[in-house]
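Raw contents of final_35.cif, mmCIF, C-alpha atoms:
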data_structure
loop_
_atom_site.label_atom_id
_atom_site.label_comp_id
_atom_site.auth_asym_id
_atom_site.auth_seq_id
_atom_site.Cartn_x
_atom_site.Cartn_y
_atom_site.Cartn_z
CA MET A 28 -1.44 25.72 -45.92
CA SER A 29 -3.62 25.46 -42.85
CA ASP A 30 -5.49 22.49 -44.27
CA ASP A 31 -2.30 20.46 -44.34
CA TYR A 32 -2.00 20.28 -40.57
CA ALA A 33 -4.35 19.33 -37.78
CA LEU A 34 -2.45 21.63 -35.47
CA GLU A 35 -0.14 24.58 -36.14
CA VAL A 36 1.53 26.46 -33.34
CA ASP A 37 3.46 29.52 -34.51
CA SER A 38 5.88 31.51 -32.36
CA VAL A 39 3.76 31.23 -29.23
CA THR A 40 4.86 33.13 -26.17
CA ALA A 41 2.96 33.00 -22.90
CA TYR A 42 3.28 34.49 -19.45
CA TYR A 43 1.88 33.84 -16.03
CA GLY A 44 2.18 37.32 -14.56
CA SER A 45 5.67 38.47 -15.48
CA ARG A 46 7.08 34.95 -15.62
CA ARG A 47 7.59 33.72 -19.17
CA ILE A 48 6.30 30.16 -19.49
CA LEU A 49 6.52 29.67 -23.25
CA ASP A 50 9.11 31.34 -25.43
CA ASP A 51 8.66 31.38 -29.20
CA VAL A 52 7.23 27.86 -29.44
CA SER A 53 6.35 26.55 -32.93
CA LEU A 54 5.23 23.10 -33.92
CA ARG A 55 3.09 21.35 -36.50
CA VAL A 56 1.10 18.14 -36.29
CA GLY A 57 -0.08 16.45 -39.49
CA TYR A 58 -3.39 14.64 -39.83
CA GLY A 59 -3.22 11.09 -38.50
CA GLU A 60 0.01 11.78 -36.68
CA ILE A 61 0.84 11.03 -33.03
CA MET A 62 2.83 13.92 -31.59
CA VAL A 63 4.22 13.57 -28.10
CA ILE A 64 5.07 16.74 -26.23
CA MET A 65 7.64 15.97 -23.58
CA GLY A 66 9.37 17.87 -20.88
CA GLY A 67 9.92 17.86 -17.16
CA SER A 68 7.74 19.54 -14.59
CA GLY A 69 7.66 23.26 -15.22
CA SER A 70 8.82 22.90 -18.83
CA GLY A 71 5.66 24.61 -20.08
CA LYS A 72 4.01 21.56 -21.63
CA SER A 73 0.74 21.87 -19.69
CA THR A 74 0.60 25.58 -20.47
CA LEU A 75 1.09 24.81 -24.15
CA LEU A 76 -1.74 22.28 -23.94
CA ARG A 77 -4.05 24.85 -22.33
CA HIS A 78 -3.27 27.27 -25.16
CA MET A 79 -3.93 24.64 -27.81
CA LEU A 80 -7.33 24.04 -26.20
CA ALA A 81 -8.03 27.79 -26.28
CA LEU A 82 -8.35 27.82 -22.48
CA ASN A 83 -5.65 30.47 -22.10
CA LYS A 84 -5.13 33.67 -24.08
CA LEU A 85 -1.99 34.04 -26.13
CA ALA A 86 0.48 36.82 -25.41
CA ALA A 87 2.05 36.44 -28.85
CA GLY A 88 1.98 34.08 -31.79
CA SER A 89 -0.87 32.09 -33.26
CA ILE A 90 -2.41 28.64 -32.99
CA ARG A 91 -4.53 26.97 -35.65
CA VAL A 92 -6.51 23.92 -34.65
CA LEU A 93 -8.10 21.92 -37.49
CA GLY A 94 -7.56 24.98 -39.66
CA LEU A 95 -9.18 27.45 -37.27
CA ASN A 96 -7.14 30.34 -35.87
CA ILE A 97 -8.34 30.10 -32.28
CA ALA A 98 -7.31 33.59 -31.22
CA ARG A 99 -9.50 35.13 -33.92
CA ALA A 100 -12.34 32.61 -33.77
CA THR A 101 -15.83 33.60 -32.65
CA GLY A 102 -17.48 31.87 -29.71
CA GLU A 103 -19.64 29.93 -32.11
CA GLU A 104 -16.62 28.76 -34.14
CA LEU A 105 -14.86 27.62 -30.97
CA HIS A 106 -17.98 25.78 -29.84
CA LYS A 107 -18.12 23.97 -33.18
CA LEU A 108 -14.39 23.23 -33.04
CA ARG A 109 -14.74 21.68 -29.61
CA ARG A 110 -17.11 19.07 -31.02
CA ASP A 111 -14.25 17.84 -33.20
CA ILE A 112 -11.73 17.75 -30.36
CA GLY A 113 -11.47 15.24 -27.52
CA VAL A 114 -9.52 15.92 -24.36
CA ALA A 115 -8.59 13.37 -21.73
CA PHE A 116 -7.41 15.35 -18.71
CA GLN A 117 -4.72 14.10 -16.38
CA SER A 118 -7.05 13.88 -13.40
CA GLY A 119 -9.89 12.43 -15.47
CA ALA A 120 -12.18 15.41 -14.75
CA LEU A 121 -15.17 13.06 -14.55
CA LEU A 122 -18.30 14.31 -12.86
CA SER A 123 -18.49 12.50 -9.55
CA SER A 124 -22.28 12.58 -9.32
CA LEU A 125 -22.74 10.76 -12.63
CA THR A 126 -22.05 7.11 -13.39
CA VAL A 127 -19.22 6.28 -15.75
CA GLY A 128 -21.76 5.56 -18.50
CA GLU A 129 -23.50 8.91 -17.94
CA ASN A 130 -20.15 10.71 -17.97
CA VAL A 131 -19.31 9.21 -21.36
CA ALA A 132 -22.81 9.88 -22.73
CA LEU A 133 -22.78 13.50 -21.56
CA PRO A 134 -21.10 15.05 -24.63
CA LEU A 135 -23.55 13.21 -26.91
CA ARG A 136 -26.52 14.43 -24.89
CA GLU A 137 -25.14 17.98 -24.85
CA HIS A 138 -24.15 18.24 -28.49
CA THR A 139 -26.50 15.98 -30.44
CA ASP A 140 -30.18 15.16 -30.84
CA LEU A 141 -29.51 11.45 -31.10
CA ASN A 142 -32.11 9.01 -29.85
CA ASP A 143 -31.44 7.99 -26.25
CA ASN A 144 -31.00 4.32 -27.10
CA ILE A 145 -28.31 5.26 -29.64
CA VAL A 146 -26.61 7.56 -27.11
CA GLN A 147 -26.46 4.76 -24.57
CA ILE A 148 -25.19 2.18 -27.06
CA SER A 149 -22.56 4.67 -28.33
CA ALA A 150 -21.36 5.37 -24.78
CA LYS A 151 -21.12 1.66 -24.03
CA LEU A 152 -19.20 1.10 -27.26
CA LYS A 153 -16.63 3.69 -26.15
CA LEU A 154 -16.28 1.96 -22.80
CA GLU A 155 -15.75 -1.34 -24.65
CA VAL A 156 -13.02 0.28 -26.75
CA VAL A 157 -11.12 1.33 -23.61
CA ASN A 158 -11.72 -2.07 -21.98
CA LEU A 159 -14.22 -0.81 -19.43
CA GLY A 160 -17.13 -2.81 -20.82
CA GLY A 161 -19.67 -3.58 -18.09
CA PHE A 162 -18.46 -0.80 -15.76
CA ASP A 163 -20.93 1.83 -16.96
CA GLN A 164 -23.05 1.74 -13.79
CA LEU A 165 -20.14 2.51 -11.45
CA TYR A 166 -19.34 5.97 -10.11
CA PRO A 167 -15.88 7.57 -10.59
CA ALA A 168 -15.11 7.15 -6.87
CA GLN A 169 -15.43 3.38 -7.34
CA LEU A 170 -12.73 3.25 -10.03
CA SER A 171 -8.97 2.70 -9.80
CA GLY A 172 -6.53 5.27 -11.20
CA GLY A 173 -6.08 3.34 -14.43
CA MET A 174 -9.83 2.95 -14.86
CA ILE A 175 -10.36 6.69 -14.37
CA LYS A 176 -7.83 7.44 -17.12
CA ARG A 177 -9.60 5.01 -19.42
CA ALA A 178 -13.04 6.39 -18.56
CA ALA A 179 -11.74 9.91 -19.27
CA LEU A 180 -10.43 8.64 -22.60
CA ALA A 181 -13.82 7.07 -23.38
CA ARG A 182 -15.50 10.39 -22.68
CA ALA A 183 -12.93 12.21 -24.83
CA LEU A 184 -13.81 9.80 -27.65
CA ALA A 185 -17.58 10.17 -27.25
CA MET A 186 -17.99 12.56 -30.16
CA ASP A 187 -15.55 10.69 -32.43
CA PRO A 188 -13.06 13.56 -32.42
CA LYS A 189 -10.71 14.21 -35.31
CA LEU A 190 -8.11 15.45 -32.87
CA LEU A 191 -7.47 13.94 -29.46
CA PHE A 192 -5.43 15.53 -26.68
CA PHE A 193 -4.26 13.25 -23.90
CA ASP A 194 -2.63 14.84 -20.87
CA GLU A 195 -0.22 12.55 -18.99
CA PRO A 196 -1.80 9.18 -19.84
CA SER A 197 0.76 7.25 -17.80
CA ALA A 198 1.13 9.49 -14.76
CA GLY A 199 0.50 7.55 -11.58
CA LEU A 200 -0.18 4.24 -13.32
CA ASP A 201 1.63 0.94 -12.95
CA PRO A 202 3.76 -0.05 -15.96
CA VAL A 203 1.33 -2.68 -17.26
CA VAL A 204 -1.72 -0.39 -17.24
CA SER A 205 0.38 2.38 -18.70
CA SER A 206 1.55 0.13 -21.53
CA GLU A 207 -2.05 -0.92 -22.24
CA LEU A 208 -3.02 2.73 -22.61
CA ASP A 209 -0.16 3.22 -25.05
CA ASP A 210 -1.43 0.29 -27.11
CA LEU A 211 -4.88 1.81 -27.08
CA ILE A 212 -3.56 5.17 -28.32
CA LEU A 213 -1.82 3.40 -31.21
CA LYS A 214 -4.97 1.41 -32.00
CA LEU A 215 -7.08 4.59 -32.13
CA ARG A 216 -4.74 6.20 -34.58
CA ASN A 217 -4.35 3.10 -36.72
CA SER A 218 -8.06 2.22 -36.86
CA LEU A 219 -9.64 5.65 -36.88
CA LYS A 220 -6.80 7.72 -38.42
CA MET A 221 -7.22 10.05 -35.47
CA THR A 222 -4.67 12.83 -34.90
CA ILE A 223 -3.36 12.50 -31.36
CA VAL A 224 -1.35 14.89 -29.20
CA VAL A 225 -0.02 13.35 -26.01
CA VAL A 226 1.59 15.40 -23.27
CA THR A 227 3.80 13.29 -21.06
CA HIS A 228 7.03 13.12 -19.13
CA GLU A 229 7.27 9.33 -19.50
CA LEU A 230 10.11 8.53 -21.87
CA GLU A 231 9.23 4.92 -22.44
CA SER A 232 5.67 5.76 -23.38
CA ALA A 233 6.79 8.59 -25.66
CA PHE A 234 9.20 6.36 -27.56
CA LYS A 235 6.57 3.67 -27.97
CA ILE A 236 3.73 5.74 -29.37
CA ALA A 237 5.20 8.84 -30.99
CA ASP A 238 5.61 9.52 -34.67
CA ARG A 239 7.38 12.69 -33.63
CA ILE A 240 8.42 14.10 -30.29
CA THR A 241 8.74 17.73 -29.26
CA VAL A 242 10.85 18.29 -26.18
CA LEU A 243 10.16 21.43 -24.17
CA ASP A 244 12.52 22.83 -21.59
CA HIS A 245 12.05 26.07 -19.72
CA GLY A 246 9.37 27.08 -22.18
CA ARG A 247 11.51 26.60 -25.26
CA ILE A 248 11.64 23.81 -27.80
CA LEU A 249 14.87 21.89 -27.36
CA ILE A 250 14.19 19.57 -30.26
CA SER A 251 11.32 18.43 -32.44
CA GLY A 252 11.84 15.28 -34.46
CA THR A 253 11.23 11.59 -34.97
CA VAL A 254 11.83 9.15 -32.12
CA ASP A 255 15.26 8.31 -33.54
CA GLU A 256 16.22 11.94 -34.03
CA VAL A 257 15.40 12.68 -30.40
CA ARG A 258 17.09 9.52 -29.14
CA ASN A 259 20.27 10.32 -31.06
CA SER A 260 20.27 14.03 -30.39
CA THR A 261 23.60 15.48 -29.39
CA ILE A 262 21.99 18.37 -27.52
CA ALA A 263 23.27 18.04 -23.96
CA ARG A 264 20.00 19.05 -22.31
CA VAL A 265 18.06 16.49 -24.36
CA GLN A 266 20.46 13.79 -23.24
CA ASP A 267 20.07 15.03 -19.64
CA LEU A 268 16.33 14.50 -19.93
CA LEU A 269 16.69 11.13 -21.65
CA GLN A 270 19.15 9.87 -19.10
CA ARG A 271 17.34 11.48 -16.19
CA ARG A 272 20.35 13.49 -15.12
CA SER A 273 19.68 16.26 -12.65
CA ARG A 274 19.84 19.66 -14.19
CA PRO A 275 22.80 21.84 -13.38
CA SER A 276 22.08 24.81 -11.17
CA GLU A 277 21.84 27.84 -13.38
CA LEU A 278 22.51 30.45 -10.76
CA SER A 279 25.93 31.49 -9.66
CA ALA A 280 26.58 31.40 -5.91
CA ASP A 281 26.36 35.19 -5.76
CA ASP A 282 23.06 35.29 -7.62
CA TYR A 283 21.68 32.58 -5.39
CA LEU A 284 22.64 34.48 -2.25
CA GLU A 285 21.15 37.60 -3.78
CA ARG A 286 17.85 35.82 -4.41
CA LEU A 287 17.70 34.50 -0.84
CA THR A 288 18.50 37.84 0.73
CA ALA A 289 16.91 40.34 -1.67
CA HIS A 290 14.27 41.27 0.93
CA VAL A 291 16.98 42.45 3.35
CA LYS A 292 17.94 45.29 1.03
CA ARG A 293 14.33 46.12 0.27
CA ALA A 294 13.48 46.29 3.95
CA MET B 14 -24.55 9.70 -47.13
CA VAL B 15 -27.06 8.32 -49.58
CA TYR B 16 -28.91 5.08 -49.19
CA GLN B 17 -30.98 2.74 -51.27
CA VAL B 18 -33.29 -0.02 -50.20
CA LYS B 19 -33.98 -2.92 -52.54
CA LYS B 20 -35.47 -6.35 -52.19
CA ASP B 21 -33.62 -9.40 -53.37
CA SER B 22 -34.05 -13.11 -52.65
CA GLY B 23 -36.36 -12.48 -49.69
CA PHE B 24 -34.10 -9.89 -48.04
CA ALA B 25 -34.42 -6.15 -47.69
CA ILE B 26 -30.99 -4.81 -48.56
CA ILE B 27 -30.11 -1.38 -47.24
CA HIS B 28 -27.18 0.00 -49.17
CA LEU B 29 -25.46 2.81 -47.27
CA VAL B 30 -22.98 4.91 -49.25
CA GLY B 31 -20.55 7.63 -48.15
CA ASP B 32 -19.90 9.05 -44.69
CA ILE B 33 -22.25 7.95 -41.93
CA ASP B 34 -21.94 10.55 -39.20
CA LEU B 35 -24.11 12.54 -36.81
CA SER B 36 -25.69 14.47 -39.67
CA CYS B 37 -27.25 11.42 -41.29
CA SER B 38 -27.15 8.50 -38.88
CA PRO B 39 -30.76 9.15 -37.68
CA GLU B 40 -31.83 8.65 -41.31
CA ALA B 41 -29.90 5.38 -41.54
CA ARG B 42 -31.42 4.31 -38.23
CA LYS B 43 -34.94 4.91 -39.53
CA ALA B 44 -34.26 2.90 -42.68
CA ILE B 45 -33.02 -0.06 -40.62
CA LEU B 46 -35.84 0.06 -38.04
CA ASP B 47 -38.51 0.56 -40.73
CA SER B 48 -37.27 -2.47 -42.61
CA LEU B 49 -37.29 -4.64 -39.51
CA GLY B 50 -40.60 -3.12 -38.42
CA ALA B 51 -42.08 -4.38 -41.68
CA GLY B 52 -40.97 -7.88 -40.66
CA GLN B 53 -38.27 -8.22 -43.34
CA PRO B 54 -34.99 -10.09 -42.93
CA THR B 55 -32.51 -7.24 -43.39
CA LEU B 56 -28.96 -6.99 -44.67
CA VAL B 57 -27.04 -3.72 -44.49
CA ASP B 58 -24.56 -3.27 -47.32
CA LEU B 59 -21.54 -1.30 -46.11
CA SER B 60 -19.37 -1.74 -49.20
CA GLY B 61 -19.67 1.93 -50.13
CA VAL B 62 -19.15 3.34 -46.64
CA THR B 63 -16.19 5.71 -46.48
CA TYR B 64 -16.58 6.59 -42.79
CA ILE B 65 -18.85 5.47 -39.99
CA ASP B 66 -19.00 7.09 -36.55
CA SER B 67 -20.17 5.54 -33.29
CA SER B 68 -23.75 6.64 -33.78
CA GLY B 69 -23.73 4.78 -37.11
CA VAL B 70 -22.30 1.69 -35.46
CA ALA B 71 -24.84 2.02 -32.64
CA ASN B 72 -27.59 1.95 -35.30
CA LEU B 73 -26.32 -1.43 -36.46
CA VAL B 74 -26.15 -2.76 -32.89
CA GLU B 75 -29.69 -1.58 -32.22
CA GLY B 76 -30.83 -3.08 -35.53
CA TYR B 77 -29.31 -6.45 -34.69
CA GLN B 78 -30.91 -6.44 -31.23
CA THR B 79 -34.29 -5.50 -32.73
CA ALA B 80 -33.99 -8.25 -35.34
CA LYS B 81 -33.19 -10.83 -32.67
CA LYS B 82 -36.28 -9.83 -30.68
CA LYS B 83 -38.39 -10.30 -33.79
CA SER B 84 -36.53 -13.48 -34.80
CA LEU B 85 -35.56 -11.86 -38.09
CA GLU B 86 -32.26 -12.33 -39.82
CA PHE B 87 -29.89 -9.34 -39.72
CA GLY B 88 -26.42 -9.10 -41.17
CA LEU B 89 -23.82 -6.93 -42.86
CA LEU B 90 -22.66 -7.20 -46.46
CA GLY B 91 -19.35 -6.30 -48.08
CA VAL B 92 -18.08 -4.30 -45.14
CA SER B 93 -15.63 -1.67 -46.45
CA GLU B 94 -12.20 -1.39 -44.88
CA ALA B 95 -13.11 1.95 -43.28
CA ALA B 96 -16.19 0.45 -41.65
CA PHE B 97 -14.46 -2.78 -40.67
CA SER B 98 -11.68 -1.07 -38.73
CA VAL B 99 -14.31 0.77 -36.66
CA LEU B 100 -16.25 -2.44 -36.00
CA GLU B 101 -13.05 -4.22 -35.11
CA LEU B 102 -12.05 -1.56 -32.60
CA ALA B 103 -15.14 -2.35 -30.54
CA ARG B 104 -14.78 -6.10 -31.28
CA LEU B 105 -18.09 -6.03 -33.17
CA ASP B 106 -16.58 -7.91 -36.11
CA LYS B 107 -17.15 -10.98 -33.91
CA VAL B 108 -20.75 -10.02 -33.12
CA PHE B 109 -22.44 -9.30 -36.44
CA PRO B 110 -23.02 -11.92 -39.11
CA ILE B 111 -20.81 -10.52 -41.89
CA HIS B 112 -21.03 -11.74 -45.48
CA GLY B 113 -18.89 -10.72 -48.43
CA SER B 114 -21.97 -10.30 -50.64
CA LEU B 115 -25.60 -11.38 -51.00
CA LYS B 116 -24.39 -14.24 -53.19
CA GLU B 117 -22.11 -15.40 -50.39
CA ARG B 118 -24.98 -15.18 -47.91
CA LEU B 119 -27.29 -17.20 -50.20
CA ALA B 120 -24.62 -19.86 -50.70
CA LYS B 121 -24.74 -20.48 -46.94
CA ASN B 122 -28.29 -21.80 -47.28
CA GLY B 123 -26.67 -24.90 -48.71
#
Write out the structure in this file as structure tokens.
Amino acid sequence: MSDDYALEVDSVTAYYGSRRILDDVSLRVGYGEIMVIMGGSGSGKSTLLRHMLALNKLAAGSIRVLGLNIARATGEELHKLRRDIGVAFQSGALLSSLTVGENVALPLREHTDLNDNIVQISAKLKLEVVNLGGFDQLYPAQLSGGMIKRAALARALAMDPKLLFFDEPSAGLDPVVSSELDDLILKLRNSLKMTIVVVTHELESAFKIADRITVLDHGRILISGTVDEVRNSTIARVQDLLQRRSRPSELSADDYLERLTAHVKRA
Amino acid sequence: MVYQVKKDSGFAIIHLVGDIDLSCSPEARKAILDSLGAGQPTLVDLSGVTYIDSSGVANLVEGYQTAKKKSLEFGLLGVSEAAFSVLELARLDKVFPIHGSLKERLAKNG
């Protein structure tokens, strides 16, 4: 079964301290599919991403990435897996002391024995793909927000990953740049058959690029389905998110007062 | 990947077949550079390529640049769909001379 999916998340539960961040989360992403994981701030989507990248340890459940059960994998297996995975972090996570070209070439220098000329041409090709051709000699501090996102994407693509994770591609970008990034994500999937997981809270972007959308709320999956299924969902909370309605307060007045004054009793 | 080099109508034709990835692209690179190093006009046949990664594409870019320096002809033949979509992504379909086949290339001599 595991060969059928690029990513399988089964009944994952995660905590930060005693606070439960993910509660029995399961999802599957097929090869060549674009899955968008949506949810508001604090919904658990970034935590889920960290687990899928094997950066956090699971409290319960299992995650298979490209067929590898990451909780049981050896260090060597994880190292090998990471060559097949690209991650574009929200902040870019570029090294500030290296030029953009050197940042993109870094994974190739670290992981391969390719001739230096080939490494440099490959890095420049990636920058061309993200429309940053000719910017390879600049440093990250000299780039705009949109350019940093694109440079981070170029670096994520350096090793021609089978599976690409993209954290908040549109956050902090103007609508035009954000839409260009969406087009690029679609182009990567269509040309390279890449499997892509995008974490975002931007509805418009999600509807444009997703094959399927998983909506997280308070660490639980509200709905997982095609764009139309999510759009037409009758689940109230999904509609709240889609129509940007404020969430209702979940605490009763008494509970709220209790939370504000709990220290008085303890003292 | 397997590859074959043959000579036909004054060209060295390097026929690459299968997946061209990190494991074999240095071998493909050597074949291309050796052919150009021997002063031969070179065509790379990509009709049997099922996958090509960026290092494979970089080989072709380097080959074309080397050929230009030596004033030798360089081109691609019968580019498979898998290879073409990768070239297109980096807009290289507009850079390389691409011919459907050797016959098509020879017809261009007029």
Legend entry - Explicit residue set for the PyMOL selection byres ((chain A) within 7 of (chain B)), as a PyMOL selection string: chain A and resi 145+148-149+152+155-156+187+218-219
Keeping only C-alpha atoms, write the selected residues as a CSV table (one decimal), in the coordinates of the input.
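Result went into selection-v9.csv, see below:
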chain,number,residue,atom,x,y,z
A,145,ILE,CA,-28.3,5.3,-29.6
A,148,ILE,CA,-25.2,2.2,-27.1
A,149,SER,CA,-22.6,4.7,-28.3
A,152,LEU,CA,-19.2,1.1,-27.3
A,155,GLU,CA,-15.8,-1.3,-24.6
A,156,VAL,CA,-13.0,0.3,-26.8
A,187,ASP,CA,-15.6,10.7,-32.4
A,218,SER,CA,-8.1,2.2,-36.9
A,219,LEU,CA,-9.6,5.6,-36.9
Could you put an axis-aligned box around every listed atom of stretch 184-200 of chain A, padded by 8 Å on each side, and send me its centre and edge lengths in Å to one decimal, as lines of an AutoDock Vina configuration file?
center_x = -8.4
center_y = 9.9
center_z = -23.4
size_x = 35.1
size_y = 27.3
size_z = 39.7
Legend entry - All residues 6 Å or closer to stretch 102-119 of chain A, all atoms listed in the file, same chain fewer than 3 positions away omitted, as an MDAnalysis selection string: chainID A and resid 175:176 179:180 183:184 188:195
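A cut-off of 10 Å from the point (15.5, 17.9, -29.7), with only C-alpha atoms, picks out the residues Ile240, Thr241, Val242, Leu243, Asp244, Ile248, Leu249, Ile250, Ser251, Gly252, Thr253, Val254, Glu256, Val257, Arg258, Asn259, Ser260, Thr261, Ile262, Ala263, Arg264, Val265 and Gln266 of chain A.
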Can you write out the residues you just picked, keeping C-alpha atoms, as an mmCIF file, in the frame of the given file?
data_model
loop_
_atom_site.group_PDB
_atom_site.id
_atom_site.type_symbol
_atom_site.label_atom_id
_atom_site.label_comp_id
_atom_site.auth_asym_id
_atom_site.auth_seq_id
_atom_site.Cartn_x
_atom_site.Cartn_y
_atom_site.Cartn_z
ATOM 1 C CA ILE A 240 8.420 14.100 -30.290
ATOM 2 C CA THR A 241 8.740 17.730 -29.260
ATOM 3 C CA VAL A 242 10.850 18.290 -26.180
ATOM 4 C CA LEU A 243 10.160 21.430 -24.170
ATOM 5 C CA ASP A 244 12.520 22.830 -21.590
ATOM 6 C CA ILE A 248 11.640 23.810 -27.800
ATOM 7 C CA LEU A 249 14.870 21.890 -27.360
ATOM 8 C CA ILE A 250 14.190 19.570 -30.260
ATOM 9 C CA SER A 251 11.320 18.430 -32.440
ATOM 10 C CA GLY A 252 11.840 15.280 -34.460
ATOM 11 C CA THR A 253 11.230 11.590 -34.970
ATOM 12 C CA VAL A 254 11.830 9.150 -32.120
ATOM 13 C CA GLU A 256 16.220 11.940 -34.030
ATOM 14 C CA VAL A 257 15.400 12.680 -30.400
ATOM 15 C CA ARG A 258 17.090 9.520 -29.140
ATOM 16 C CA ASN A 259 20.270 10.320 -31.060
ATOM 17 C CA SER A 260 20.270 14.030 -30.390
ATOM 18 C CA THR A 261 23.600 15.480 -29.390
ATOM 19 C CA ILE A 262 21.990 18.370 -27.520
ATOM 20 C CA ALA A 263 23.270 18.040 -23.960
ATOM 21 C CA ARG A 264 20.000 19.050 -22.310
ATOM 22 C CA VAL A 265 18.060 16.490 -24.360
ATOM 23 C CA GLN A 266 20.460 13.790 -23.240
#
Legend entry - 12 Å contact set for B:Ala25, all atoms listed in the file, chain neighbours under 4 positions out, as an MDAnalysis selection string: chainID B and resid 17:21 44:58 85:90 115
Inset, instruction - List the neighbours of stretch 66-79 of chain A out to 9 Å using all atoms listed in the file; skip same-chain residues closer than 5 positions along the sequence, and give me the result as a PyMOL selection string. - result: chain A and resi 34+36+39+41+48-49+52+84-85+90-92+97+192+194+226-229+241-247+268
Legend entry - atom CA of A:Ala87 to atom CA of A:Ser53, straight-line distance in Å: 11.5 Å
Inset, instruction - Have a look at atom CA of A:Tyr43 and atom CA of A:Ala98 and let me know their distance in Å, one decimal. - result: 17.8 Å
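Distance check against B:Gly76 using only C-alpha atoms: of B:Ala41, B:Ser93, B:Thr63, B:Asp106, the minimum falls on B:Ala41.
Relative to atom CA of A:Thr126, atom CA of A:Phe162 is found at 9.0 Å.
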Inset, instruction - Any chance you could resolve the PyMOL selection byres ((chain B and resi 111) around 9) against this file and give the residues as a count of residues only? - result: 14
Inset, instruction - Name the residues that the PyMOL selection byres ((chain A and resi 121) around 7) pulls out of this structure, and write them as an MDAnalysis selection string. - result: chainID A and resid 119:120 122:123 130 167 179
Please save C-alpha atoms of the selected residues as a PDB file, in the coordinates of the input.
ATOM      1  CA  GLY A 119      -9.890  12.430 -15.470  1.00  0.00           C
ATOM      2  CA  ALA A 120     -12.180  15.410 -14.750  1.00  0.00           C
ATOM      3  CA  LEU A 122     -18.300  14.310 -12.860  1.00  0.00           C
ATOM      4  CA  SER A 123     -18.490  12.500  -9.550  1.00  0.00           C
ATOM      5  CA  ASN A 130     -20.150  10.710 -17.970  1.00  0.00           C
ATOM      6  CA  PRO A 167     -15.880   7.570 -10.590  1.00  0.00           C
ATOM      7  CA  ALA A 179     -11.740   9.910 -19.270  1.00  0.00           C
TER       8      ALA A 179
END
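Among the candidate residues B:Ser60, B:Gln78, B:Asn122, B:Ser84, the one lying nearest to B:Ile27 is B:Ser60, with distances computed using all atoms listed in the file.
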Legend entry - Nearest-residue call for B:Gly61, choices B:Lys116, B:Lys121, B:Val15, B:Gly31, using only C-alpha atoms: B:Gly31
